[in-house]
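**Student:** The structure is given below, and queries will be raised subsequently.
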Amino acid sequence: MGRDVTNSIVLHSKMVSRQHAILLRVTAPETANFLFRIIDGDLQGKRSTNGLIVNGRRLFSHDLKHGDVVIFGGDVKTKYYVVSNLSDADFDKFCEATDLSTILSQSINPFQTLVPDDADLQNMSEAALVRMASFPELTPSPILEMDLQGTVTYLNPAAVLQFPEISKVATKHPMLEGLLKMVQTEHAGKSNFFMREVELKERVYEQSVHYIVESDLIRSYVSDITERKRAEEQLRHKAQREAIINRIVQAMRGTMVTAEVLQITVGLLFEALAASHCLIVQMHTDGEPADHYVSDTAIGQQDLIQANERFLRHSQETLAQGQQVVFNHSGNATNLDSEIVAICEQCDIQTVLVTPLLYLQSYLGSISLYQCRDKAALNQEEQPIRAWTPDERGLVKTIADQCAIAIHQAQLYQQVQDLNTNLAQQVEDRTAELQQKMLELQRLNSLKDDFLSTVSHELRTPMSNIKMAIHMLNQFPLEPRQQRYISILDAECSRETELINDLLDLQKLEAGGNPIKMEPISVPLWLPRALEPFHTRAKNRGQTFQINYDQSMPTFYSDRISLDRILAELLNNACKYTPQGGEVTLSIDYQPSPQPMLCMKVTNQAEIPEEELPRIFDKFYRIPNSDPWKQGGTGLGLALVQRQIEQLKGDISVTSEAGKTIFLVQLPYPALHDLG
């Protein structure tokens, strides 16, 4: 029972938890008598947020009787009636009636709860109650139970269906293996509950284990989290690769020393692609290898460096044309000459991926990734040959292009440095050439900034495809569980799109590519339009929204788009972190001295811990456990606000104490003649 639509009984109230309570049918052993017991919280023992009140008393559990009044979350009131022995006609009338008390009073048979007497209740063990309850039998998730001797004492239908052999193998089954030892260890540490993940036949399960001390039983609730783990793994790989690109770009921005950039690239590629070795070779202008940069695993392996040079000579024409080369050494390989085969056997090489460093048709070097056989496993089963996926090859190609730019940029920079050495003597005849070189450096810096923007833009295409796929799925009838998963996917897709848009905006601001258009703004005319969405939002959340400003304020000159974004982000945060019934206040004042300023103050009823205040304007930072509406966010909103205010030559500060948080924005209030 709760607010979530997947519950058997849905309670439509924001005061009610997603899984607020459990209603159990409890049968007395060896009798046909039963009662209904209501328990606060969910199957994992997590209590509801606003509790359970029965007949005016806050309770954790209660055996329901005819006429009991139950209040969920403080605002959902229900009354429990007991009806039995109804004919079909009476039951139809009962379901259609709006006044239940009338139906009950007119019934021929008095409706009494069939409950066991006190003696029967004392004989009902906790294990028997749960086994006879309705929810373990109906739940689609497996529920397992065994005693301290390792004997399986209970399996619900879902467990029998998914693990048919578990009763035979008992504690040797992965779902039960090691549980006795874990319970002994955890119970000794005063804990009767723990969780673990179990891999079984390419599936991953999350197992919640409860040790019931009173019955000496170990009960497990099992959930299949395979899809979630796969999604997490995909996101981890995606984040890892984005981090690689960002670190390489930052290295290129931070230094003109080619060796530093290439050595960082070697380490990052080796880690991200899990190759056996990674080598980058920078070429002389005459086409001969100049410098080698190798991963830690290749340090001191001179035979591998020599083998790499032979691979490069063998495929020099193909690499010079900008094409990647893949060598596969297997028993039936036909594309390798005898020299290459001998090298592969000598160094235990399985596959090699070679990517050229090419800039303006100039071959500057190469990146080589090696996958070798594991010598420790040679006597075991044959190891599969790694196939470099298009995604991996594309990533290496993108990074190779950036490395080529870094090498060319360093060469230009070195030439500039050489020219500067004797600049006093060469200034007259070298001025034009220096200007050309500096323009080239600026163009390369612009290419680096474009690279970040390009990566973010390219992420938009798969997100659009995902959005379209979600839309198409929603055109077909779905089960509630499938619809819930689709809704989760849609929400996460929206969050990812918001993150990409914020990254692009932030990149423009940091690169200085966001133009400012100053225009006259009448605060009394501009403000009501800007605030329209927030009135509805505050009303839906039961919040009070106060606005204070002077109708006679003089005309304000600023960038309207930036001003709208600043106000929207601050009010979004204020509404997000203000609890129901709280108040959000916006005050705008004109400060004439010591210099004209527009002061915009946003106040809400929520307090930020003092230790978190210095970090709230950091990119991707979100205050832990501070979002009562669980809306999530990118962590870029305040960072964007700060950059936009700095671009407008203003200032933003924040204070938080006594249950209130105040953001103060101060912007210059130029007159028309000050704008030029």
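Just remember, in the structure tokens the first chain shown is A, the second B, etc., residues are 1-based per chain, and ligands are 1-based in the order shown.
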Region 267-461 of chain A: which residues are helix (DSSP H, G or I) by DSSP, as number ranges by chain?
**Tutor:** A: 267-273, 296-298, 302-314, 316-320, 338-346, 375-377, 390-421, 423-461
**Student:** Taking only region 287-485 of chain A into account, list the residues labelled strand (DSSP E) by DSSP (computed from the backbone), as a PyMOL selection string.
**Tutor:** chain A and resi 289-294+325-328+349-359+362-372
**Student:** For the residues in the current selection, export N, CA and C atoms as an mmCIF file, in the first residue's frame.
**Tutor:**
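Resulting contents of selection.cif:
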data_model
loop_
_atom_site.group_PDB
_atom_site.id
_atom_site.type_symbol
_atom_site.label_atom_id
_atom_site.label_comp_id
_atom_site.auth_asym_id
_atom_site.auth_seq_id
_atom_site.Cartn_x
_atom_site.Cartn_y
_atom_site.Cartn_z
ATOM 1 N N PRO A 289 61.344 6.888 -36.621
ATOM 2 C CA PRO A 289 60.864 7.075 -35.242
ATOM 3 C C PRO A 289 61.800 7.964 -34.432
ATOM 4 N N ALA A 290 61.223 8.909 -33.710
ATOM 5 C CA ALA A 290 62.025 9.826 -32.895
ATOM 6 C C ALA A 290 61.924 9.483 -31.415
ATOM 7 N N ASP A 291 60.704 9.478 -30.866
ATOM 8 C CA ASP A 291 60.509 9.237 -29.436
ATOM 9 C C ASP A 291 59.415 8.197 -29.248
ATOM 10 N N HIS A 292 59.605 7.349 -28.199
ATOM 11 C CA HIS A 292 58.612 6.335 -27.843
ATOM 12 C C HIS A 292 58.045 6.659 -26.463
ATOM 13 N N TYR A 293 56.720 6.562 -26.350
ATOM 14 C CA TYR A 293 56.039 6.727 -25.064
ATOM 15 C C TYR A 293 55.255 5.447 -24.824
ATOM 16 N N VAL A 294 55.529 4.768 -23.705
ATOM 17 C CA VAL A 294 54.970 3.432 -23.486
ATOM 18 C C VAL A 294 54.246 3.368 -22.148
ATOM 19 N N VAL A 325 45.101 0.330 -38.893
ATOM 20 C CA VAL A 325 45.536 -1.005 -39.290
ATOM 21 C C VAL A 325 45.351 -1.946 -38.111
ATOM 22 N N VAL A 326 44.784 -3.139 -38.382
ATOM 23 C CA VAL A 326 44.595 -4.155 -37.351
ATOM 24 C C VAL A 326 45.326 -5.423 -37.780
ATOM 25 N N PHE A 327 46.187 -5.928 -36.889
ATOM 26 C CA PHE A 327 46.862 -7.205 -37.114
ATOM 27 C C PHE A 327 46.238 -8.239 -36.188
ATOM 28 N N ASN A 328 45.817 -9.367 -36.736
ATOM 29 C CA ASN A 328 45.291 -10.484 -35.943
ATOM 30 C C ASN A 328 46.184 -11.691 -36.166
ATOM 31 N N ILE A 349 51.840 -11.974 -29.026
ATOM 32 C CA ILE A 349 50.876 -10.962 -29.466
ATOM 33 C C ILE A 349 49.692 -11.643 -30.142
ATOM 34 N N GLN A 350 48.476 -11.258 -29.749
ATOM 35 C CA GLN A 350 47.258 -11.739 -30.400
ATOM 36 C C GLN A 350 46.747 -10.738 -31.436
ATOM 37 N N THR A 351 46.516 -9.481 -30.995
ATOM 38 C CA THR A 351 46.002 -8.445 -31.898
ATOM 39 C C THR A 351 46.739 -7.138 -31.660
ATOM 40 N N VAL A 352 46.838 -6.336 -32.736
ATOM 41 C CA VAL A 352 47.450 -5.009 -32.661
ATOM 42 C C VAL A 352 46.541 -4.036 -33.403
ATOM 43 N N LEU A 353 46.250 -2.906 -32.777
ATOM 44 C CA LEU A 353 45.501 -1.822 -33.423
ATOM 45 C C LEU A 353 46.436 -0.622 -33.545
ATOM 46 N N VAL A 354 46.734 -0.206 -34.772
ATOM 47 C CA VAL A 354 47.639 0.917 -35.028
ATOM 48 C C VAL A 354 46.838 2.055 -35.651
ATOM 49 N N THR A 355 46.944 3.242 -35.050
ATOM 50 C CA THR A 355 46.198 4.419 -35.508
ATOM 51 C C THR A 355 47.185 5.539 -35.813
ATOM 52 N N PRO A 356 47.133 6.156 -36.999
ATOM 53 C CA PRO A 356 48.107 7.203 -37.349
ATOM 54 C C PRO A 356 47.789 8.535 -36.667
ATOM 55 N N LEU A 357 48.848 9.301 -36.417
ATOM 56 C CA LEU A 357 48.714 10.693 -35.966
ATOM 57 C C LEU A 357 48.927 11.553 -37.202
ATOM 58 N N LEU A 358 47.838 12.058 -37.743
ATOM 59 C CA LEU A 358 47.882 12.756 -39.029
ATOM 60 C C LEU A 358 47.323 14.162 -38.854
ATOM 61 N N TYR A 359 48.084 15.159 -39.350
ATOM 62 C CA TYR A 359 47.584 16.537 -39.304
ATOM 63 C C TYR A 359 47.953 17.226 -40.610
ATOM 64 N N SER A 362 50.066 15.429 -42.959
ATOM 65 C CA SER A 362 51.428 15.186 -42.484
ATOM 66 C C SER A 362 51.401 14.067 -41.445
ATOM 67 N N TYR A 363 52.168 13.000 -41.690
ATOM 68 C CA TYR A 363 52.222 11.834 -40.805
ATOM 69 C C TYR A 363 53.198 12.128 -39.662
ATOM 70 N N LEU A 364 52.669 12.289 -38.445
ATOM 71 C CA LEU A 364 53.467 12.715 -37.300
ATOM 72 C C LEU A 364 53.800 11.586 -36.337
ATOM 73 N N GLY A 365 53.161 10.422 -36.459
ATOM 74 C CA GLY A 365 53.424 9.319 -35.544
ATOM 75 C C GLY A 365 52.260 8.347 -35.529
ATOM 76 N N SER A 366 52.190 7.533 -34.458
ATOM 77 C CA SER A 366 51.132 6.521 -34.390
ATOM 78 C C SER A 366 50.869 6.124 -32.947
ATOM 79 N N ILE A 367 49.680 5.573 -32.733
ATOM 80 C CA ILE A 367 49.296 4.967 -31.457
ATOM 81 C C ILE A 367 49.100 3.476 -31.707
ATOM 82 N N SER A 368 49.779 2.632 -30.925
ATOM 83 C CA SER A 368 49.659 1.177 -31.068
ATOM 84 C C SER A 368 49.120 0.585 -29.775
ATOM 85 N N LEU A 369 48.055 -0.210 -29.904
ATOM 86 C CA LEU A 369 47.473 -0.908 -28.761
ATOM 87 C C LEU A 369 47.633 -2.415 -28.984
ATOM 88 N N TYR A 370 48.245 -3.087 -27.997
ATOM 89 C CA TYR A 370 48.541 -4.513 -28.107
ATOM 90 C C TYR A 370 47.688 -5.322 -27.143
ATOM 91 N N GLN A 371 47.174 -6.441 -27.640
ATOM 92 C CA GLN A 371 46.526 -7.433 -26.778
ATOM 93 C C GLN A 371 47.351 -8.717 -26.882
ATOM 94 N N CYS A 372 47.938 -9.138 -25.757
ATOM 95 C CA CYS A 372 48.816 -10.302 -25.743
ATOM 96 C C CYS A 372 48.184 -11.436 -24.954
#
**Student:** Name the residues in contact with Leu570 (chain A) at a cut-off of 9 Å, using only C-alpha atoms, excluding same-chain residues fewer than 5 positions from it; report them as number ranges by chain.
**Tutor:** A: 565, 575, 602, 637-638, 641, 663
**Student:** Convert the current residue selection to file output with C-alpha atoms, as a PDB file, in the first residue's frame.
**Tutor:**
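Everything below was put into part-v3.pdb:
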ATOM      1  CA  ARG A 565      18.412  32.386 -16.785  1.00  0.00           C
ATOM      2  CA  CYS A 575      11.443  25.756  -4.845  1.00  0.00           C
ATOM      3  CA  VAL A 602      16.074  35.042  -3.170  1.00  0.00           C
ATOM      4  CA  GLY A 637      22.896  25.332 -12.436  1.00  0.00           C
ATOM      5  CA  LEU A 638      24.722  27.502  -9.880  1.00  0.00           C
ATOM      6  CA  VAL A 641      24.627  31.396 -12.765  1.00  0.00           C
ATOM      7  CA  PHE A 663      21.207  34.260  -2.409  1.00  0.00           C
TER       8      PHE A 663
END
**Student:** Quick one: which region 207-314 of chain A residues come within 12 Å of region 434-448 of chain A, and what is the nearest atom pair for each with the distance in Å to one decimal, counting only C-alpha atoms, rows ordered by chain and ascending number, as CSV?
**Tutor:**
residue,atom,partner,partner_atom,distance
A:Ile245,CA,A:Lys448,CA,10.9
A:Asn246,CA,A:Lys448,CA,10.4
A:Ile248,CA,A:Lys448,CA,10.3
A:Val249,CA,A:Lys448,CA,6.9
A:Gln250,CA,A:Lys448,CA,9.3
A:Ala251,CA,A:Lys448,CA,11.0
A:Met252,CA,A:Lys448,CA,8.2
A:Arg253,CA,A:Asn445,CA,7.9
A:Gly254,CA,A:Asn445,CA,11.3
A:Thr255,CA,A:Asn445,CA,12.0
A:Met256,CA,A:Leu441,CA,10.8
**Student:** Would you mind exporting the chosen residues as a short mmCIF file (atom, residue, chain, number, x, y, z; two decimals), in the first residue's frame, restricted to all heavy atoms?
**Tutor:**
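Saved file out_7.cif follows:
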data_model
loop_
_atom_site.label_atom_id
_atom_site.label_comp_id
_atom_site.auth_asym_id
_atom_site.auth_seq_id
_atom_site.Cartn_x
_atom_site.Cartn_y
_atom_site.Cartn_z
N ILE A 245 38.92 11.92 -22.60
CA ILE A 245 38.99 13.02 -23.56
C ILE A 245 39.22 14.35 -22.85
O ILE A 245 40.06 15.16 -23.27
CB ILE A 245 37.69 13.06 -24.40
CG1 ILE A 245 37.59 11.80 -25.26
CG2 ILE A 245 37.66 14.30 -25.29
CD1 ILE A 245 36.27 11.65 -25.97
N ASN A 246 38.51 14.58 -21.76
CA ASN A 246 38.65 15.85 -21.02
C ASN A 246 40.06 16.00 -20.46
O ASN A 246 40.64 17.09 -20.50
CB ASN A 246 37.62 15.91 -19.89
CG ASN A 246 36.22 16.14 -20.41
OD1 ASN A 246 36.04 16.68 -21.49
ND2 ASN A 246 35.22 15.71 -19.66
N ILE A 248 42.85 14.64 -21.57
CA ILE A 248 43.80 14.89 -22.65
C ILE A 248 43.71 16.33 -23.12
O ILE A 248 44.72 17.01 -23.33
CB ILE A 248 43.55 13.91 -23.81
CG1 ILE A 248 43.90 12.48 -23.37
CG2 ILE A 248 44.36 14.29 -25.04
CD1 ILE A 248 43.53 11.42 -24.39
N VAL A 249 42.47 16.83 -23.26
CA VAL A 249 42.29 18.22 -23.68
C VAL A 249 42.86 19.17 -22.64
O VAL A 249 43.52 20.17 -22.97
CB VAL A 249 40.79 18.51 -23.94
CG1 VAL A 249 40.57 19.99 -24.17
CG2 VAL A 249 40.30 17.71 -25.14
N GLN A 250 42.64 18.87 -21.34
CA GLN A 250 43.20 19.72 -20.29
C GLN A 250 44.72 19.70 -20.32
O GLN A 250 45.38 20.73 -20.09
CB GLN A 250 42.69 19.25 -18.92
CG GLN A 250 41.21 19.51 -18.68
CD GLN A 250 40.85 20.98 -18.77
OE1 GLN A 250 41.62 21.84 -18.36
NE2 GLN A 250 39.68 21.27 -19.32
N ALA A 251 45.30 18.51 -20.59
CA ALA A 251 46.76 18.43 -20.69
C ALA A 251 47.27 19.27 -21.85
O ALA A 251 48.30 19.95 -21.75
CB ALA A 251 47.19 16.98 -20.85
N MET A 252 46.53 19.24 -22.96
CA MET A 252 46.92 20.04 -24.12
C MET A 252 46.81 21.53 -23.83
O MET A 252 47.62 22.33 -24.31
CB MET A 252 46.04 19.67 -25.32
CG MET A 252 46.28 18.26 -25.84
SD MET A 252 45.03 17.73 -27.04
CE MET A 252 45.22 18.96 -28.30
N ARG A 253 45.82 21.90 -23.04
CA ARG A 253 45.67 23.31 -22.68
C ARG A 253 46.73 23.77 -21.70
O ARG A 253 47.14 24.93 -21.68
CB ARG A 253 44.29 23.53 -22.07
CG ARG A 253 43.15 23.50 -23.08
CD ARG A 253 41.83 23.76 -22.39
NE ARG A 253 40.75 23.98 -23.33
CZ ARG A 253 39.50 24.22 -22.99
NH1 ARG A 253 39.17 24.26 -21.72
NH2 ARG A 253 38.57 24.41 -23.91
N GLY A 254 47.15 22.84 -20.83
CA GLY A 254 48.04 23.22 -19.74
C GLY A 254 49.51 23.23 -20.08
O GLY A 254 50.32 23.77 -19.31
N THR A 255 49.91 22.64 -21.21
CA THR A 255 51.34 22.57 -21.52
C THR A 255 51.54 22.54 -23.02
O THR A 255 50.69 22.08 -23.77
CB THR A 255 51.97 21.32 -20.89
OG1 THR A 255 53.36 21.29 -21.23
CG2 THR A 255 51.33 20.05 -21.39
N MET A 256 52.68 23.06 -23.43
CA MET A 256 53.10 22.96 -24.83
C MET A 256 54.15 21.87 -25.02
O MET A 256 54.72 21.73 -26.09
CB MET A 256 53.67 24.31 -25.31
CG MET A 256 52.63 25.41 -25.42
SD MET A 256 51.46 25.09 -26.75
CE MET A 256 50.45 26.57 -26.66
#
**Student:** Which residue, A:Ala404, A:Glu227, A:Tyr205, A:Ser191, has the smallest gap to Gln282 (chain A) when you use only C-alpha atoms?
**Tutor:**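 For Gln282 (chain A), the nearest of the given residues is A:Ala404.
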